[in-house]
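Undergrad: For reference, this is coords-v6.txt, and it has compact mmCIF, C-alpha atoms.
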```
# COMPACT_ATOMS: atom_id res chain seq x y z
CA MET A 58 79.41 18.68 -23.86
CA ASN A 59 76.51 20.90 -25.04
CA ASP A 60 73.00 20.35 -23.78
CA SER A 61 71.59 18.15 -26.56
CA ARG A 62 67.97 18.99 -25.67
CA VAL A 63 68.26 22.23 -27.62
CA ASN A 64 68.79 20.39 -30.91
CA LEU A 65 66.43 17.43 -30.48
CA ALA A 66 65.12 16.04 -33.75
CA GLY A 67 61.36 16.48 -34.13
CA GLN A 68 58.83 13.68 -34.27
CA TRP A 69 58.28 13.93 -38.02
CA VAL A 70 62.01 13.82 -38.68
CA ARG A 71 62.19 10.70 -36.51
CA PHE A 72 59.29 9.21 -38.47
CA ALA A 73 61.09 9.97 -41.76
CA ASN A 74 64.22 8.31 -40.36
CA SER A 75 62.27 5.16 -39.55
CA ILE A 76 60.70 4.99 -43.03
CA VAL A 77 64.06 5.40 -44.81
CA ASP A 78 65.72 2.91 -42.45
CA MET A 79 62.97 0.33 -42.90
CA ILE A 80 63.28 0.59 -46.69
CA SER A 81 67.08 0.22 -46.34
CA ILE A 82 66.72 -2.83 -44.10
CA ILE A 83 64.27 -4.48 -46.50
CA ALA A 84 66.61 -3.81 -49.43
CA ILE A 85 69.58 -5.33 -47.55
CA TRP A 86 67.43 -8.30 -46.48
CA ILE A 87 66.33 -8.94 -50.09
CA LEU A 88 69.92 -8.73 -51.35
CA LEU A 89 71.17 -11.08 -48.63
CA SER A 90 68.34 -13.53 -49.27
CA PHE A 91 68.98 -13.46 -53.00
CA GLY A 92 72.74 -13.85 -52.51
CA LEU A 93 72.35 -16.80 -50.15
CA ASN A 94 69.87 -18.35 -52.56
CA LEU A 95 72.46 -18.07 -55.36
CA LEU A 96 74.99 -19.77 -53.09
CA GLY A 97 72.68 -22.76 -52.71
CA PHE A 98 70.97 -21.89 -49.44
CA ASP A 99 67.51 -22.28 -50.91
CA GLN A 100 66.10 -25.11 -48.85
CA MET A 101 62.34 -25.36 -48.93
CA TYR A 102 60.44 -26.69 -45.94
CA GLU A 103 56.89 -27.98 -45.88
CA VAL A 104 54.81 -26.36 -43.16
CA GLU A 105 51.37 -27.70 -44.02
CA LYS A 106 49.85 -29.76 -46.78
CA GLY A 107 51.76 -28.68 -49.84
CA GLU A 108 52.78 -25.26 -48.43
CA LEU A 109 56.49 -24.67 -48.90
CA ILE A 110 58.52 -21.85 -47.41
CA THR A 111 62.12 -20.82 -47.88
CA ILE A 112 63.70 -20.74 -44.45
CA ILE A 113 66.77 -18.55 -45.15
CA PRO A 114 64.87 -15.22 -45.46
CA LEU A 115 63.18 -15.95 -42.13
CA ILE A 116 66.47 -16.83 -40.43
CA ILE A 117 68.25 -13.65 -41.53
CA ALA A 118 65.38 -11.18 -40.92
CA PHE A 119 66.19 -10.20 -37.32
CA PRO A 120 70.00 -10.30 -37.71
CA THR A 121 69.65 -7.97 -40.70
CA PHE A 122 67.43 -5.60 -38.71
CA TRP A 123 69.67 -5.64 -35.63
CA GLY A 124 72.90 -5.55 -37.62
CA TYR A 125 71.82 -2.49 -39.60
CA TYR A 126 71.15 -0.39 -36.50
CA LEU A 127 73.98 -1.77 -34.37
CA LEU A 128 76.70 -1.27 -36.98
CA THR A 129 75.60 2.07 -38.42
CA GLU A 130 74.79 3.76 -35.12
CA PHE A 131 77.85 2.43 -33.30
CA TYR A 132 80.38 3.30 -35.98
CA PHE A 133 78.81 6.43 -37.49
CA GLN A 134 76.16 7.58 -34.97
CA ARG A 135 73.74 7.62 -37.88
CA THR A 136 71.77 5.39 -40.19
CA LEU A 137 70.89 6.18 -43.79
CA GLY A 138 67.71 7.87 -42.56
CA LYS A 139 69.69 10.03 -40.15
CA ILE A 140 72.21 10.93 -42.87
CA LEU A 141 69.37 12.16 -45.10
CA THR A 142 67.73 14.17 -42.31
CA LYS A 143 71.06 15.45 -40.93
CA THR A 144 70.54 13.95 -37.48
CA LYS A 145 72.63 11.68 -35.26
CA VAL A 146 72.48 9.60 -32.08
CA VAL A 147 74.11 11.00 -28.95
CA THR A 148 74.02 10.33 -25.22
CA GLN A 149 71.86 12.47 -22.96
CA THR A 150 74.91 14.69 -22.42
CA GLY A 151 75.60 15.01 -26.17
CA ASP A 152 78.55 12.61 -26.36
CA LYS A 153 79.06 9.62 -28.66
CA PRO A 154 77.17 6.59 -27.29
CA ASN A 155 79.18 3.54 -26.23
CA PHE A 156 78.62 0.02 -27.56
CA THR A 157 76.37 -1.01 -24.65
CA GLN A 158 74.06 1.96 -25.21
CA ILE A 159 73.80 1.23 -28.93
CA LEU A 160 73.20 -2.47 -28.20
CA TRP A 161 70.32 -1.62 -25.82
CA ARG A 162 68.99 0.90 -28.32
CA THR A 163 69.07 -1.71 -31.10
CA LEU A 164 67.52 -4.56 -29.11
CA SER A 165 64.77 -2.37 -27.66
CA ARG A 166 63.61 -1.57 -31.20
CA SER A 167 62.18 -5.12 -31.21
CA ILE A 168 59.58 -4.18 -28.60
CA PRO A 169 56.14 -4.35 -30.29
CA PHE A 170 54.83 -0.91 -31.33
CA GLU A 171 58.06 0.72 -30.16
CA TYR A 172 58.32 2.68 -33.41
CA PHE A 173 55.15 4.58 -32.55
CA SER A 174 56.42 5.66 -29.12
CA TYR A 175 58.23 8.74 -30.44
CA LEU A 176 55.06 9.93 -32.16
CA VAL A 177 53.59 10.37 -28.68
CA THR A 178 56.71 11.75 -26.99
CA ILE A 179 59.89 13.32 -28.35
CA ASN A 180 62.04 10.44 -27.06
CA GLY A 181 61.03 6.92 -27.98
CA ILE A 182 61.30 3.82 -25.84
CA HIS A 183 64.64 2.90 -27.41
CA ASP A 184 65.95 6.37 -26.50
CA ARG A 185 64.88 6.11 -22.87
CA LEU A 186 66.11 2.54 -22.35
CA SER A 187 69.54 3.29 -23.83
CA GLY A 188 70.09 6.78 -22.42
CA THR A 189 70.37 8.25 -25.91
CA ARG A 190 68.59 10.79 -28.08
CA VAL A 191 68.56 11.95 -31.68
CA ILE A 192 69.68 15.49 -32.41
CA LYS A 193 69.93 17.75 -35.46
CA GLU A 194 73.47 18.38 -36.61
```
Could you rewrite the structure in this file as structure tokens?
TA:
Amino acid sequence: MNDSRVNLAGQWVRFANSIVDMISIIAIWILLSFGLNLLGFDQMYEVEKGELITIIPLIIAFPTFWGYYLLTEFYFQRTLGKILTKTKVVTQTGDKPNFTQILWRTLSRSIPFEYFSYLVTINGIHDRLSGTRVIKE
């Protein structure tokens, strides 16, 4: 396919994507937590003297994060942030990424400070580890 380096999304566009996506993930997480709470999954656990926490929001935090990226990028090649900035995920050759590439891309987002890697270089850690990149449409 076309050389996707010509249309690489810039660092500030990538930053905007991450902000929109993080807000989307938090909104989904809140809705899921609230919904599960309504269904009776509101168990409180004591961690220290008198401190109670609800365990369900903690349990669904990472699956919500991973699920958001895995599902949206695999099926649509874009997240809500990418839709708004008119960008999409492709392979290094410009093709649609396969499931394994999107899985690696998603899991590598859990590396501490990974989100700041594309502020230093045009391709972030999750791009390099998965053999993908983000391009303008």
Undergrad: Set the distance at 8 Å and use only C-alpha atoms: which residues neighbour Ser81 of chain A once local chain neighbours fewer than 4 positions away are removed? I'd like the list as an mmCIF file with C-alpha atoms, keeping the file's coordinate frame.
TA:
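To be explicit, this is the file written out as result-v7.cif:
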```
data_model
loop_
_atom_site.group_PDB
_atom_site.id
_atom_site.type_symbol
_atom_site.label_atom_id
_atom_site.label_comp_id
_atom_site.auth_asym_id
_atom_site.auth_seq_id
_atom_site.Cartn_x
_atom_site.Cartn_y
_atom_site.Cartn_z
ATOM 1 C CA VAL A 77 64.060 5.400 -44.810
ATOM 2 C CA ILE A 85 69.580 -5.330 -47.550
ATOM 3 C CA LEU A 137 70.890 6.180 -43.790
#
```
Undergrad: Taking (58.4, 7.4, -37.6) in the file's coordinates as the center, which residues reach within 12 Å of it, counting only C-alpha atoms, put as a ChimeraX atom specification?
TA: /A:66-79,138-139,170-181
Undergrad: Every residue with an atom at most 12 Å from (67.8, -11.1, -47.0) (file coordinates; only C-alpha atoms) is what I'm after, so could you write them as a list in words?
TA: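 Taken together, the residues in range are Ser81, Ile82, Ile83, Ala84, Ile85, Trp86, Ile87, Leu88, Leu89, Ser90, Phe91, Gly92, Leu93, Asn94, Leu95, Phe98, Asp99, Thr111, Ile112, Ile113, Pro114, Leu115, Ile116, Ile117, Ala118, Phe119, Pro120, Thr121 and Phe122 of chain A.
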Undergrad: Name the closest residue to Ile80 of chain A among the candidates A:Thr129, A:Val147, A:Pro154, A:Thr136; distances are taken between atoms, counting all atoms listed in the file.
TA: A:Thr136
Undergrad: Enter the distance from atom CA of His183 of chain A to atom CA of Ser165 of chain A, in Å, rounded to one decimal.
TA: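 Calculated distance between atom CA of His183 of chain A and atom CA of Ser165 of chain A is 5.3 Å.
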Undergrad: One decimal, Å: what's the distance from atom CA of Thr142 of chain A over to atom CA of Leu128 of chain A, could you say?
TA: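 Rounded to one decimal, the two atoms are 18.6 Å apart.
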Undergrad: Just to confirm, what's the straight-line distance from atom CA of Asn155 of chain A to atom CA of Pro169 of chain A in Å (one decimal)?
TA: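 Distance between the two atoms: 24.7 Å.
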Undergrad: Of the candidates A:Thr189, A:Ile168, A:Tyr132, A:Glu194, which one gets nearest to Asp152 of chain A if we count all atoms listed in the file?
TA: A:Thr189
Undergrad: Please give the centre and size of the box around segment 124-139 of chain A (axis-aligned, containing every atom listed in the file, 6 Å added per side), with values in Å to one decimal and written as JSON.
TA:
```
{"center_x": 74.0, "center_y": 2.2, "center_z": -38.5, "size_x": 24.7, "size_y": 27.6, "size_z": 22.5}
```
Undergrad: Select, from A:Trp123, A:Val146, A:Ile140, A:Phe133, the residue with the minimum atom-to-atom distance to Ile192 of chain A, counting all atoms listed in the file.
TA: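 Smallest separation from Ile192 of chain A among the options: A:Val146.
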Undergrad: Using only C-alpha atoms, which of A:Leu65, A:Thr150, A:Tyr125, A:Lys143 sits nearest Leu164 of chain A?
TA: A:Tyr125
